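Q: Input my_file34.txt, format and content: compact mmCIF, C-alpha atoms.
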```
# COMPACT_ATOMS: atom_id res chain seq x y z
CA MET P 925 26.79 -13.07 11.93
CA GLY P 926 28.19 -16.60 11.88
CA HIS P 927 25.21 -18.02 10.05
CA ALA P 928 26.02 -20.59 7.39
CA TRP P 929 23.49 -20.01 4.62
CA ASP P 930 22.00 -23.22 3.33
CA PHE P 931 19.43 -22.96 0.56
CA ALA P 932 19.48 -26.74 -0.05
CA THR P 933 16.39 -27.32 2.10
CA ILE P 934 14.53 -24.72 0.06
CA PHE P 935 15.35 -26.50 -3.18
CA GLN P 936 14.37 -29.84 -1.64
CA ASN P 937 10.96 -28.32 -0.98
CA TRP P 938 10.62 -26.65 -4.36
CA PHE P 939 7.28 -28.37 -4.99
CA ALA P 940 5.77 -26.69 -1.91
CA LEU P 941 7.08 -23.31 -3.04
CA TRP P 942 5.87 -24.00 -6.57
CA ALA P 943 2.36 -24.71 -5.28
CA GLY P 944 2.56 -21.41 -3.42
CA LEU P 945 3.69 -19.52 -6.50
CA LYS P 946 0.80 -20.95 -8.50
CA GLY P 947 -1.54 -19.81 -5.72
CA THR P 948 -0.06 -16.31 -5.80
CA VAL P 949 -0.33 -16.00 -9.58
CA PHE P 950 -3.87 -17.42 -9.58
CA ILE P 951 -5.24 -15.03 -6.97
CA PHE P 952 -3.32 -12.13 -8.53
CA LEU P 953 -4.85 -12.72 -11.98
CA ILE P 954 -8.38 -12.95 -10.61
CA THR P 955 -8.15 -9.95 -8.28
CA VAL P 956 -6.35 -7.72 -10.77
CA PHE P 957 -8.93 -8.54 -13.44
CA LEU P 958 -11.95 -8.02 -11.17
CA GLY P 959 -10.38 -4.97 -9.52
CA LEU P 960 -9.37 -3.09 -12.66
CA SER P 961 -12.51 -3.90 -14.69
CA GLY P 962 -14.87 -3.33 -11.75
CA GLY P 963 -13.02 -0.11 -11.01
CA LEU P 964 -13.73 1.13 -14.52
CA ILE P 965 -17.46 0.62 -13.96
CA VAL P 966 -17.38 2.37 -10.57
CA GLY P 967 -15.25 5.16 -12.05
CA ILE P 968 -17.81 5.74 -14.81
CA LEU P 969 -20.68 5.59 -12.29
CA ARG P 970 -19.00 8.49 -10.46
CA TYR P 971 -20.06 10.50 -13.54
CA ALA P 972 -23.55 9.02 -13.78
CA PRO P 973 -26.30 11.59 -14.37
CA SER P 974 -28.32 10.16 -11.45
CA ARG P 975 -27.31 11.70 -8.14
CA TRP P 976 -28.05 8.55 -6.16
CA VAL P 977 -25.94 6.27 -8.34
CA ASN P 978 -23.21 8.86 -8.14
CA LEU P 979 -23.44 9.00 -4.36
CA ALA P 980 -23.48 5.21 -3.97
CA ALA P 981 -20.36 4.90 -6.13
CA ARG P 982 -18.67 7.59 -4.06
CA ALA P 983 -19.60 5.88 -0.77
CA PHE P 984 -18.23 2.57 -2.06
CA VAL P 985 -14.94 4.20 -3.04
CA GLU P 986 -14.55 6.02 0.29
CA VAL P 987 -15.30 2.95 2.40
CA PHE P 988 -12.86 0.67 0.60
CA ARG P 989 -10.13 3.26 0.22
CA ASN P 990 -10.25 4.38 3.82
CA THR P 991 -10.06 1.01 5.57
CA PRO P 992 -7.02 -1.29 5.60
CA VAL P 993 -7.22 -4.18 3.13
CA LEU P 994 -6.35 -6.69 5.87
CA VAL P 995 -9.41 -5.54 7.83
CA GLN P 996 -11.49 -6.08 4.68
CA ILE P 997 -10.17 -9.62 4.12
CA ILE P 998 -10.72 -10.58 7.76
CA TRP P 999 -14.17 -9.01 7.72
CA PHE P 1000 -15.14 -11.06 4.67
CA TYR P 1001 -13.72 -14.19 6.29
CA TYR P 1002 -15.29 -13.95 9.77
CA ALA P 1003 -18.10 -11.38 9.65
CA PHE P 1004 -19.59 -11.63 6.14
CA PRO P 1005 -20.75 -15.29 6.52
CA ILE P 1006 -22.69 -14.41 9.69
CA LEU P 1007 -24.36 -11.46 7.99
CA THR P 1008 -25.30 -13.21 4.75
CA GLY P 1009 -25.17 -16.94 5.47
CA ILE P 1010 -22.73 -17.31 2.57
CA GLU P 1011 -19.71 -19.36 3.67
CA THR P 1012 -16.41 -17.79 2.61
CA ASP P 1013 -13.31 -19.95 2.33
CA PRO P 1014 -9.87 -18.30 2.55
CA PHE P 1015 -9.74 -17.90 -1.24
CA LEU P 1016 -13.13 -16.21 -1.57
CA ALA P 1017 -12.52 -13.91 1.41
CA ALA P 1018 -9.16 -12.82 0.02
CA VAL P 1019 -10.57 -12.35 -3.50
CA LEU P 1020 -13.45 -10.23 -2.18
CA GLY P 1021 -11.20 -8.08 0.03
CA ILE P 1022 -8.45 -7.49 -2.52
CA SER P 1023 -10.77 -7.05 -5.55
CA LEU P 1024 -13.10 -4.56 -3.88
CA ASN P 1025 -10.14 -2.62 -2.50
CA THR P 1026 -8.56 -2.51 -5.96
CA MET P 1027 -11.88 -1.49 -7.52
CA ALA P 1028 -12.07 1.51 -5.20
CA PHE P 1029 -8.50 2.60 -5.88
CA SER P 1030 -8.66 2.08 -9.64
CA ALA P 1031 -12.06 3.82 -9.83
CA GLU P 1032 -10.30 6.98 -8.64
CA ILE P 1033 -7.58 6.47 -11.25
CA TYR P 1034 -10.13 6.14 -14.09
CA ARG P 1035 -12.03 9.12 -12.73
CA ALA P 1036 -8.88 11.25 -12.82
CA GLY P 1037 -8.29 10.04 -16.38
CA ILE P 1038 -11.81 10.97 -17.51
CA GLN P 1039 -11.53 14.32 -15.73
CA SER P 1040 -8.30 15.12 -17.57
CA ILE P 1041 -10.09 15.04 -20.93
CA ASP P 1042 -11.08 18.44 -22.23
CA LEU P 1043 -14.81 19.15 -21.97
CA GLY P 1044 -14.82 20.18 -25.63
CA GLN P 1045 -14.42 16.50 -26.54
CA TRP P 1046 -17.80 15.78 -24.95
CA ASP P 1047 -19.38 18.66 -26.83
CA ALA P 1048 -17.82 17.49 -30.07
CA GLY P 1049 -19.19 13.98 -29.57
CA LYS P 1050 -22.61 15.43 -28.91
CA ALA P 1051 -22.39 17.79 -31.87
CA ILE P 1052 -21.90 14.94 -34.33
CA GLY P 1053 -24.91 13.14 -32.85
CA MET P 1054 -23.31 10.65 -30.48
CA THR P 1055 -25.13 9.60 -27.33
CA TYR P 1056 -23.49 9.88 -23.90
CA ASN P 1057 -22.49 6.20 -23.98
CA GLN P 1058 -21.09 6.43 -27.49
CA THR P 1059 -19.02 9.51 -26.69
CA LEU P 1060 -17.72 7.85 -23.56
CA ARG P 1061 -16.80 4.60 -25.30
CA ARG P 1062 -15.45 5.95 -28.57
CA ILE P 1063 -13.94 9.31 -27.67
CA ILE P 1064 -13.28 9.75 -23.96
CA LEU P 1065 -12.23 6.34 -22.61
CA PRO P 1066 -9.60 5.42 -25.23
CA VAL P 1067 -7.68 8.61 -24.45
CA ALA P 1068 -8.39 8.59 -20.72
CA ILE P 1069 -7.21 5.00 -20.20
CA LYS P 1070 -4.04 5.59 -22.16
CA GLN P 1071 -3.24 8.52 -19.88
CA VAL P 1072 -3.69 6.54 -16.68
CA LEU P 1073 -1.90 3.39 -17.89
CA PRO P 1074 1.15 3.96 -15.65
CA ALA P 1075 -1.07 4.49 -12.60
CA LEU P 1076 -2.97 1.30 -13.42
CA THR P 1077 0.28 -0.63 -13.77
CA ASN P 1078 1.33 0.65 -10.35
CA ARG P 1079 -1.96 -0.57 -8.94
CA GLY P 1080 -1.28 -3.99 -10.48
CA ILE P 1081 2.09 -4.09 -8.74
CA GLU P 1082 0.38 -3.20 -5.45
CA VAL P 1083 -2.13 -6.02 -6.00
CA PHE P 1084 0.67 -8.53 -6.53
CA LYS P 1085 2.23 -7.49 -3.22
CA MET P 1086 -1.18 -7.45 -1.53
CA SER P 1087 -1.75 -11.10 -2.48
CA THR P 1088 0.55 -12.08 0.43
CA LEU P 1089 -2.20 -10.92 2.81
CA ALA P 1090 -4.30 -13.90 1.71
CA SER P 1091 -1.91 -16.02 3.79
CA VAL P 1092 -3.34 -14.46 6.95
CA VAL P 1093 -6.62 -16.34 6.46
CA GLY P 1094 -4.75 -19.46 5.35
CA TYR P 1095 -4.91 -19.29 1.54
CA VAL P 1096 -2.05 -21.29 0.01
CA GLU P 1097 0.27 -18.78 -1.66
CA THR P 1098 4.03 -18.19 -1.71
CA LEU P 1099 4.46 -16.61 1.73
CA ASN P 1100 2.23 -19.21 3.36
CA GLN P 1101 4.27 -22.03 1.81
CA ALA P 1102 7.52 -20.37 2.90
CA LYS P 1103 6.21 -20.28 6.45
CA LEU P 1104 5.42 -24.00 6.18
CA ILE P 1105 8.91 -24.77 4.90
CA ALA P 1106 10.46 -22.61 7.62
CA ASP P 1107 8.47 -24.35 10.35
CA LEU P 1108 9.32 -27.84 9.09
CA ASN P 1109 13.00 -27.32 8.36
CA PHE P 1110 13.88 -24.65 10.94
CA ASN P 1111 15.31 -22.45 8.21
CA PRO P 1112 13.30 -19.19 8.39
CA ILE P 1113 16.18 -17.11 7.13
CA GLU P 1114 16.55 -18.99 3.85
CA ALA P 1115 12.79 -19.44 3.44
CA TYR P 1116 11.88 -15.76 3.91
CA THR P 1117 14.91 -14.48 2.04
CA GLY P 1118 13.87 -16.81 -0.78
CA VAL P 1119 10.36 -15.34 -0.89
CA ALA P 1120 11.72 -11.80 -0.84
CA ILE P 1121 14.00 -12.67 -3.78
CA ILE P 1122 11.11 -14.24 -5.71
CA PHE P 1123 8.94 -11.13 -5.33
CA PHE P 1124 11.83 -8.83 -6.17
CA VAL P 1125 12.76 -10.79 -9.29
CA VAL P 1126 9.16 -10.80 -10.51
CA LEU P 1127 8.33 -7.17 -9.72
CA TYR P 1128 11.58 -5.33 -10.40
CA PRO P 1129 11.36 -5.68 -14.21
CA VAL P 1130 7.69 -4.66 -14.08
CA VAL P 1131 8.52 -1.54 -12.06
CA GLN P 1132 11.27 -0.62 -14.51
CA GLY P 1133 8.84 -1.29 -17.37
CA THR P 1134 6.41 1.19 -15.81
CA TYR P 1135 9.08 3.91 -15.89
CA VAL P 1136 9.69 3.19 -19.59
CA LEU P 1137 5.93 3.27 -20.27
CA GLU P 1138 5.65 6.63 -18.49
CA ARG P 1139 8.46 8.06 -20.60
CA ILE P 1140 6.92 6.77 -23.85
CA LEU P 1141 3.50 8.22 -23.00
CA ARG P 1142 5.00 11.55 -22.02
CA ARG P 1143 6.89 11.68 -25.30
CA GLY P 1144 3.67 10.88 -27.17
CA ASP P 1145 2.00 13.89 -25.60
CA GLN P 1146 4.52 16.38 -26.91
CA MET B 1234 -29.19 -12.81 12.37
CA GLU B 1235 -29.27 -10.23 15.13
CA TRP B 1236 -26.76 -7.52 15.80
CA ASN B 1237 -25.64 -7.37 19.42
CA PHE B 1238 -23.11 -4.71 20.29
CA LEU B 1239 -23.39 -5.09 24.07
CA ALA B 1240 -20.71 -7.76 24.32
CA VAL B 1241 -18.38 -5.66 22.23
CA MET B 1242 -19.00 -2.52 24.22
CA ARG B 1243 -17.96 -4.33 27.38
CA ASP B 1244 -14.54 -4.93 25.83
CA PHE B 1245 -14.27 -1.56 24.19
CA ASP B 1246 -11.29 -0.62 26.40
CA LEU B 1247 -9.33 -3.51 24.84
CA LEU B 1248 -10.02 -2.10 21.39
CA MET B 1249 -9.01 1.40 22.52
CA LEU B 1250 -5.74 -0.03 23.84
CA GLY B 1251 -5.22 -1.55 20.40
CA LEU B 1252 -5.93 1.81 18.77
CA VAL B 1253 -3.31 3.48 20.97
CA ASN B 1254 -0.78 0.82 19.96
CA THR B 1255 -1.67 1.29 16.28
CA LEU B 1256 -1.03 5.04 16.59
CA LYS B 1257 2.16 4.36 18.55
CA ILE B 1258 3.62 2.11 15.87
CA THR B 1259 2.61 4.56 13.12
CA GLY B 1260 4.20 7.43 15.04
CA LEU B 1261 7.43 5.56 15.69
CA ALA B 1262 7.68 4.43 12.07
CA LEU B 1263 7.27 8.07 10.95
CA PHE B 1264 9.75 9.30 13.58
CA PHE B 1265 12.48 6.96 12.30
CA GLY B 1266 11.30 6.60 8.72
CA ILE B 1267 11.39 10.28 7.71
CA PRO B 1268 15.04 10.98 8.73
CA ILE B 1269 16.18 7.62 7.28
CA GLY B 1270 14.28 8.49 4.11
CA LEU B 1271 16.06 11.85 3.87
CA MET B 1272 19.44 10.13 4.33
CA LEU B 1273 18.57 7.57 1.65
CA ALA B 1274 17.46 10.32 -0.73
CA LEU B 1275 20.65 12.34 -0.21
CA SER B 1276 22.82 9.26 -0.75
CA ARG B 1277 20.77 8.39 -3.81
CA LEU B 1278 21.33 11.90 -5.23
CA SER B 1279 25.02 11.84 -4.37
CA THR B 1280 27.40 11.94 -7.31
CA TRP B 1281 29.52 9.42 -5.51
CA ARG B 1282 28.52 6.15 -7.12
CA ILE B 1283 28.84 3.63 -4.31
CA PRO B 1284 26.54 5.30 -1.74
CA SER B 1285 24.14 6.20 -4.52
CA GLY B 1286 24.04 2.58 -5.68
CA ILE B 1287 23.55 1.22 -2.17
CA ALA B 1288 20.72 3.68 -1.46
CA ALA B 1289 19.04 2.82 -4.77
CA PHE B 1290 19.29 -0.88 -3.93
CA ILE B 1291 17.75 -0.45 -0.47
CA ILE B 1292 14.95 1.73 -1.86
CA GLU B 1293 14.11 -0.74 -4.65
CA ILE B 1294 14.20 -3.79 -2.34
CA PHE B 1295 11.80 -2.27 0.16
CA ARG B 1296 9.49 -0.85 -2.47
CA THR B 1297 9.19 -4.02 -4.54
CA THR B 1298 8.80 -6.71 -1.86
CA PRO B 1299 5.55 -7.15 0.07
CA PRO B 1300 5.58 -5.53 3.54
CA LEU B 1301 4.33 -8.76 5.10
CA VAL B 1302 7.37 -10.64 3.75
CA GLN B 1303 9.61 -7.91 5.19
CA LEU B 1304 7.91 -8.15 8.58
CA PHE B 1305 8.29 -11.95 8.69
CA TRP B 1306 11.91 -11.60 7.61
CA PHE B 1307 12.74 -9.18 10.42
CA PHE B 1308 10.75 -11.16 12.98
CA PHE B 1309 11.79 -14.73 12.15
CA ALA B 1310 15.00 -14.46 10.14
CA LEU B 1311 16.94 -11.48 11.52
CA PRO B 1312 17.42 -12.95 15.03
CA ILE B 1313 19.34 -15.83 13.42
CA LEU B 1314 21.69 -13.43 11.64
CA VAL B 1315 22.31 -11.08 14.56
CA ASP B 1316 22.16 -11.96 18.20
CA ILE B 1317 19.15 -9.99 19.48
CA ARG B 1318 16.01 -10.95 21.33
CA MET B 1319 13.36 -10.08 18.77
CA THR B 1320 10.01 -8.84 20.04
CA PRO B 1321 6.90 -8.02 18.00
CA THR B 1322 7.42 -4.33 18.83
CA ILE B 1323 11.03 -4.25 17.60
CA ALA B 1324 10.13 -6.17 14.44
CA ALA B 1325 7.19 -3.86 13.74
CA VAL B 1326 9.12 -0.61 14.34
CA VAL B 1327 12.17 -1.74 12.34
CA THR B 1328 10.12 -3.07 9.41
CA PHE B 1329 7.83 -0.08 9.03
CA SER B 1330 10.56 2.50 9.66
CA ILE B 1331 12.69 1.09 6.86
CA GLN B 1332 9.77 0.25 4.58
CA SER B 1333 8.29 3.73 4.81
CA SER B 1334 11.75 5.34 4.60
CA ALA B 1335 12.14 3.80 1.14
CA PHE B 1336 8.93 5.51 0.02
CA PHE B 1337 9.81 8.77 1.82
CA ALA B 1338 13.22 8.71 0.11
CA GLU B 1339 11.51 8.80 -3.28
CA ILE B 1340 9.33 11.71 -2.15
CA PHE B 1341 12.38 13.62 -0.87
CA ARG B 1342 14.24 12.89 -4.07
CA GLY B 1343 11.37 14.10 -6.22
CA GLY B 1344 11.01 17.23 -4.09
CA ILE B 1345 14.72 18.09 -4.13
CA LEU B 1346 14.98 17.47 -7.88
CA SER B 1347 11.98 19.73 -8.49
CA ILE B 1348 13.89 22.73 -7.14
CA ASP B 1349 15.50 24.77 -9.88
CA LYS B 1350 19.25 24.23 -10.28
CA GLY B 1351 19.77 27.98 -10.09
CA GLN B 1352 18.91 27.84 -6.40
CA TRP B 1353 21.90 25.59 -5.74
CA GLU B 1354 24.12 27.84 -7.82
CA GLY B 1355 22.83 30.94 -6.09
CA ALA B 1356 23.59 29.45 -2.67
CA LYS B 1357 27.05 28.42 -3.81
CA ALA B 1358 27.72 31.87 -5.24
CA ILE B 1359 27.13 33.53 -1.87
CA GLY B 1360 29.55 31.07 -0.27
CA MET B 1361 27.30 28.42 1.23
CA THR B 1362 28.56 24.86 1.60
CA TYR B 1363 26.50 21.90 0.34
CA PRO B 1364 24.90 21.14 3.75
CA GLN B 1365 24.14 24.83 4.25
CA SER B 1366 22.47 25.23 0.85
CA LEU B 1367 20.50 22.06 1.45
CA ARG B 1368 19.31 23.11 4.91
CA ARG B 1369 18.70 26.80 4.31
CA ILE B 1370 17.67 27.03 0.67
CA ILE B 1371 16.63 23.73 -0.92
CA LEU B 1372 14.82 21.72 1.77
CA PRO B 1373 12.56 24.55 3.03
CA GLN B 1374 11.19 24.97 -0.50
CA ALA B 1375 11.15 21.27 -1.35
CA ILE B 1376 9.39 20.18 1.85
CA LYS B 1377 6.46 22.48 1.22
CA ARG B 1378 5.91 20.83 -2.14
CA MET B 1379 6.29 17.35 -0.64
CA ILE B 1380 3.65 17.72 2.08
CA PRO B 1381 0.71 16.21 0.13
CA ALA B 1382 2.75 13.16 -0.91
CA PHE B 1383 3.99 12.81 2.67
CA MET B 1384 0.48 12.81 4.05
CA GLU B 1385 -0.68 10.26 1.51
CA ARG B 1386 2.24 8.00 2.41
CA SER B 1387 1.59 8.38 6.14
CA ILE B 1388 -2.02 7.32 5.63
CA GLU B 1389 -0.80 4.30 3.65
CA LEU B 1390 1.53 3.51 6.54
CA LEU B 1391 -1.31 3.69 9.04
CA LYS B 1392 -3.24 1.15 6.96
CA THR B 1393 -0.23 -1.13 6.53
CA THR B 1394 0.44 -1.30 10.28
CA THR B 1395 -2.49 -3.76 10.53
CA LEU B 1396 0.04 -6.38 9.37
CA VAL B 1397 1.81 -6.27 12.76
CA SER B 1398 -1.12 -8.23 14.20
CA THR B 1399 0.28 -11.31 12.39
CA VAL B 1400 3.38 -11.30 14.61
CA ALA B 1401 1.23 -10.77 17.73
CA TYR B 1402 1.83 -7.05 18.26
CA ALA B 1403 -1.27 -5.84 20.11
CA ASP B 1404 -2.51 -3.27 17.59
CA LEU B 1405 -6.20 -2.60 16.87
CA MET B 1406 -6.43 -5.51 14.40
CA PHE B 1407 -4.87 -7.94 16.89
CA GLN B 1408 -7.13 -6.76 19.70
CA ALA B 1409 -10.10 -7.22 17.38
CA ASN B 1410 -9.12 -10.88 16.88
CA GLU B 1411 -8.83 -11.30 20.64
CA VAL B 1412 -12.17 -9.69 21.42
CA ALA B 1413 -13.89 -11.61 18.59
CA GLN B 1414 -12.67 -14.91 20.01
CA LYS B 1415 -13.58 -13.94 23.54
CA THR B 1416 -17.10 -12.71 22.82
CA PHE B 1417 -18.00 -15.02 19.88
CA ARG B 1418 -19.20 -11.87 18.14
CA PRO B 1419 -16.94 -11.56 15.06
CA LEU B 1420 -19.53 -9.68 13.00
CA GLU B 1421 -19.96 -6.86 15.52
CA VAL B 1422 -16.28 -6.73 16.50
CA TYR B 1423 -14.87 -6.59 12.96
CA THR B 1424 -17.56 -4.16 11.81
CA ILE B 1425 -16.80 -1.79 14.70
CA VAL B 1426 -13.07 -2.07 14.11
CA ALA B 1427 -13.53 -1.38 10.39
CA LEU B 1428 -15.58 1.66 11.41
CA ILE B 1429 -12.84 2.90 13.79
CA TYR B 1430 -10.25 2.57 11.03
CA PHE B 1431 -12.59 4.31 8.60
CA VAL B 1432 -13.19 7.30 10.88
CA LEU B 1433 -9.47 7.62 11.58
CA ILE B 1434 -8.28 7.28 7.99
CA PHE B 1435 -11.14 9.23 6.42
CA SER B 1436 -10.49 12.20 8.73
CA ALA B 1437 -6.80 12.04 7.91
CA SER B 1438 -7.53 12.00 4.15
CA GLN B 1439 -9.97 14.90 4.44
CA LEU B 1440 -7.38 16.86 6.42
CA SER B 1441 -4.76 16.19 3.75
CA ILE B 1442 -7.18 17.41 1.05
CA VAL B 1443 -7.74 20.65 2.98
CA ILE B 1444 -3.99 21.16 3.41
CA GLU B 1445 -3.35 20.36 -0.22
CA ARG B 1446 -5.91 22.93 -1.33
CA HIS B 1447 -4.39 25.48 1.01
CA LEU B 1448 -0.93 24.83 -0.44
CA ALA B 1449 -2.27 25.03 -3.98
CA LYS B 1450 -3.74 28.44 -3.18
CA SER B 1451 -0.41 29.70 -1.88
CA GLY B 1452 1.08 28.74 -5.22
CA GLU B 1453 2.87 25.53 -4.34
CA GLY B 1454 1.80 22.62 -6.50
CA THR B 1455 2.04 18.94 -5.65
CA VAL B 1456 5.10 16.99 -6.64
CA HIS B 1457 4.25 13.68 -8.24
```
The structure in this file should be written as structure tokens.
A:
Amino acid sequence: MGHAWDFATIFQNWFALWAGLKGTVFIFLITVFLGLSGGLIVGILRYAPSRWVNLAARAFVEVFRNTPVLVQIIWFYYAFPILTGIETDPFLAAVLGISLNTMAFSAEIYRAGIQSIDLGQWDAGKAIGMTYNQTLRRIILPVAIKQVLPALTNRGIEVFKMSTLASVVGYVETLNQAKLIADLNFNPIEAYTGVAIIFFVVLYPVVQGTYVLERILRRGDQ
Amino acid sequence: MEWNFLAVMRDFDLLMLGLVNTLKITGLALFFGIPIGLMLALSRLSTWRIPSGIAAFIIEIFRTTPPLVQLFWFFFALPILVDIRMTPTIAAVVTFSIQSSAFFAEIFRGGILSIDKGQWEGAKAIGMTYPQSLRRIILPQAIKRMIPAFMERSIELLKTTTLVSTVAYADLMFQANEVAQKTFRPLEVYTIVALIYFVLIFSASQLSIVIERHLAKSGEGTVH
């Protein structure tokens, strides 16, 4: 236990860590946007009148929910280019893996939200002459999305943590930069503790915010 | 582009070895993670503030930092703090035991809190001590309600164990990398491995759905 902690080398390399942080935030914003908006589409398709569309959406959800996200990222990095001829760099592979995974998980969240709405709301929409799409957009979704907001926030938190997996294929994000700093300065303990602190400081307030959001929504229901 | 599974099939035993190691690490993490999770939950629920605070801190740290950061920390940083010879297996077991225990602790806590207070009072009234009431009255009821959440978490754990391949533990993911390099057949290797994971995890999810339905029928709802 006689280790003398020395964070000086971390601060000397702040620019490397900063580049990593920017990489983390960048990939997080893209994947969370694609994942949550794409998930909404897939979630709605689970209710599509056509059986085939319905089935395809279900198959997509099952495949991406029931395989590990790291396997997906690696598959898109090494296997996908051979299959399609499209070259994937670390960024694209990570974006594809994380976004599609998030789409599948959030699709189930939206679906649960839509399912929780009383069937009478659909009938009411129809009764006043709204089409399926209109009812969905104006009546069902606004309520459904509000109900699943905490679950979506939790998914967002998961995506932020998941972004570290992009380092496995060599995308420049926080953990990858910490590894670089640790290798150059022989200070893994400060480097990895530093990364853990960064993630904790960013996510802890968000997690607490989710609890508050849950409480507010529950109060609104009563 | 032509699919050729022959090369992969020749090395299928390597992949199976990886699968066994994946299941081993998942099993060990559950074996240690569930009791540690129960201890964390009980400390967290304790009216004594210091153990409750420490447990809350541990739970929050391991729930809000990425598992890959935790794994790297235990593998690269811990050996500097304490004098042990770190191996990929130790790092993997320690990381995933503690990481999953933090999530299990929250499930235990939710389950225990969901039991009516009258049950505690009833146990106390007939002269049971705290550990006795917990063991004989509270936990048997709480655990039944917690089973679906437990299963979901265990499936998550199984998926997360793929991360151990990054510190060279020979799990299915790591073996896939090895076989892909050896055979120059990444497409076939990674597709087969994805399929193996899918079959494993999909069956586990289906099983948990069946069990959940069974529990719902016997009148025990899920604790969220």
Q: Could you list, as a PyMOL selection string, the residues of chain P having an atom within 8 Å of chain B when counting all atoms listed in the file?
A: chain P and resi 925-927+986-987+990-996+998-999+1002-1004+1006-1007+1085-1086+1088-1089+1092+1099+1112-1114+1116-1117+1119-1120+1123-1124+1127-1128+1131
Q: Keeping C-alpha atoms for every residue in the selection just given, could you write it to a file as a PDB file, in the frame of the given file?
A:
```pdb
ATOM      1  CA  MET P 925      26.790 -13.070  11.930  1.00  0.00           C
ATOM      2  CA  GLY P 926      28.190 -16.600  11.880  1.00  0.00           C
ATOM      3  CA  HIS P 927      25.210 -18.020  10.050  1.00  0.00           C
ATOM      4  CA  GLU P 986     -14.550   6.020   0.290  1.00  0.00           C
ATOM      5  CA  VAL P 987     -15.300   2.950   2.400  1.00  0.00           C
ATOM      6  CA  ASN P 990     -10.250   4.380   3.820  1.00  0.00           C
ATOM      7  CA  THR P 991     -10.060   1.010   5.570  1.00  0.00           C
ATOM      8  CA  PRO P 992      -7.020  -1.290   5.600  1.00  0.00           C
ATOM      9  CA  VAL P 993      -7.220  -4.180   3.130  1.00  0.00           C
ATOM     10  CA  LEU P 994      -6.350  -6.690   5.870  1.00  0.00           C
ATOM     11  CA  VAL P 995      -9.410  -5.540   7.830  1.00  0.00           C
ATOM     12  CA  GLN P 996     -11.490  -6.080   4.680  1.00  0.00           C
ATOM     13  CA  ILE P 998     -10.720 -10.580   7.760  1.00  0.00           C
ATOM     14  CA  TRP P 999     -14.170  -9.010   7.720  1.00  0.00           C
ATOM     15  CA  TYR P1002     -15.290 -13.950   9.770  1.00  0.00           C
ATOM     16  CA  ALA P1003     -18.100 -11.380   9.650  1.00  0.00           C
ATOM     17  CA  PHE P1004     -19.590 -11.630   6.140  1.00  0.00           C
ATOM     18  CA  ILE P1006     -22.690 -14.410   9.690  1.00  0.00           C
ATOM     19  CA  LEU P1007     -24.360 -11.460   7.990  1.00  0.00           C
ATOM     20  CA  LYS P1085       2.230  -7.490  -3.220  1.00  0.00           C
ATOM     21  CA  MET P1086      -1.180  -7.450  -1.530  1.00  0.00           C
ATOM     22  CA  THR P1088       0.550 -12.080   0.430  1.00  0.00           C
ATOM     23  CA  LEU P1089      -2.200 -10.920   2.810  1.00  0.00           C
ATOM     24  CA  VAL P1092      -3.340 -14.460   6.950  1.00  0.00           C
ATOM     25  CA  LEU P1099       4.460 -16.610   1.730  1.00  0.00           C
ATOM     26  CA  PRO P1112      13.300 -19.190   8.390  1.00  0.00           C
ATOM     27  CA  ILE P1113      16.180 -17.110   7.130  1.00  0.00           C
ATOM     28  CA  GLU P1114      16.550 -18.990   3.850  1.00  0.00           C
ATOM     29  CA  TYR P1116      11.880 -15.760   3.910  1.00  0.00           C
ATOM     30  CA  THR P1117      14.910 -14.480   2.040  1.00  0.00           C
ATOM     31  CA  VAL P1119      10.360 -15.340  -0.890  1.00  0.00           C
ATOM     32  CA  ALA P1120      11.720 -11.800  -0.840  1.00  0.00           C
ATOM     33  CA  PHE P1123       8.940 -11.130  -5.330  1.00  0.00           C
ATOM     34  CA  PHE P1124      11.830  -8.830  -6.170  1.00  0.00           C
ATOM     35  CA  LEU P1127       8.330  -7.170  -9.720  1.00  0.00           C
ATOM     36  CA  TYR P1128      11.580  -5.330 -10.400  1.00  0.00           C
ATOM     37  CA  VAL P1131       8.520  -1.540 -12.060  1.00  0.00           C
TER      38      VAL P1131
END
```
Q: May I ask which of the residues B:Met1384, B:Val1443, B:Ala1356, B:Ala1274 is the closest one to Arg1342 of chain B, counting all atoms listed in the file?
A: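 Under the stated criterion, the closest residue is B:Ala1274.
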Q: Can you list, as a list in words, every protein, DNA or RNA residue that comes within 12 Å of segment 1059-1061 of chain P when you count all atoms listed in the file, leaving out same-chain residues fewer than 4 positions away?
A: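 The residues satisfying every condition are Leu964, Ile968, Leu969, Tyr971, Ala972, Ile1038, Gln1039, Ile1041, Leu1043, Gly1044, Gln1045, Trp1046, Asp1047, Ala1048, Gly1049, Lys1050, Ala1051, Ile1052, Gly1053, Met1054, Thr1055, Leu1065, Pro1066, Val1067, Ala1068 and Ile1069 of chain P.
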Q: What is the atom CA of Leu1104 of chain P-atom CA of Phe950 of chain P distance in Å, reported with one decimal?
A: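 Computing the Euclidean distance for atom CA of Leu1104 of chain P and atom CA of Phe950 of chain P yields 19.4 Å.
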Q: Measuring atom to atom with all atoms listed in the file, identify which of B:Arg1446, B:Lys1415, B:Lys1357, B:Arg1386 is nearest to Asp1244 of chain B.
A: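 Ranking B:Arg1446, B:Lys1415, B:Lys1357, B:Arg1386 by distance to Asp1244 of chain B, first place goes to B:Lys1415.
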Q: Within 10 Å of Leu1016 of chain P, counting only C-alpha atoms, which residues show up once you throw out same-chain ones fewer than 3 positions away? Write them as a list in words, please.
A: Ile951, Ile997, Phe1000, Tyr1001, Glu1011, Thr1012, Asp1013, Val1019, Leu1020, Gly1021, Ile1022, Ala1090 and Tyr1095 of chain P
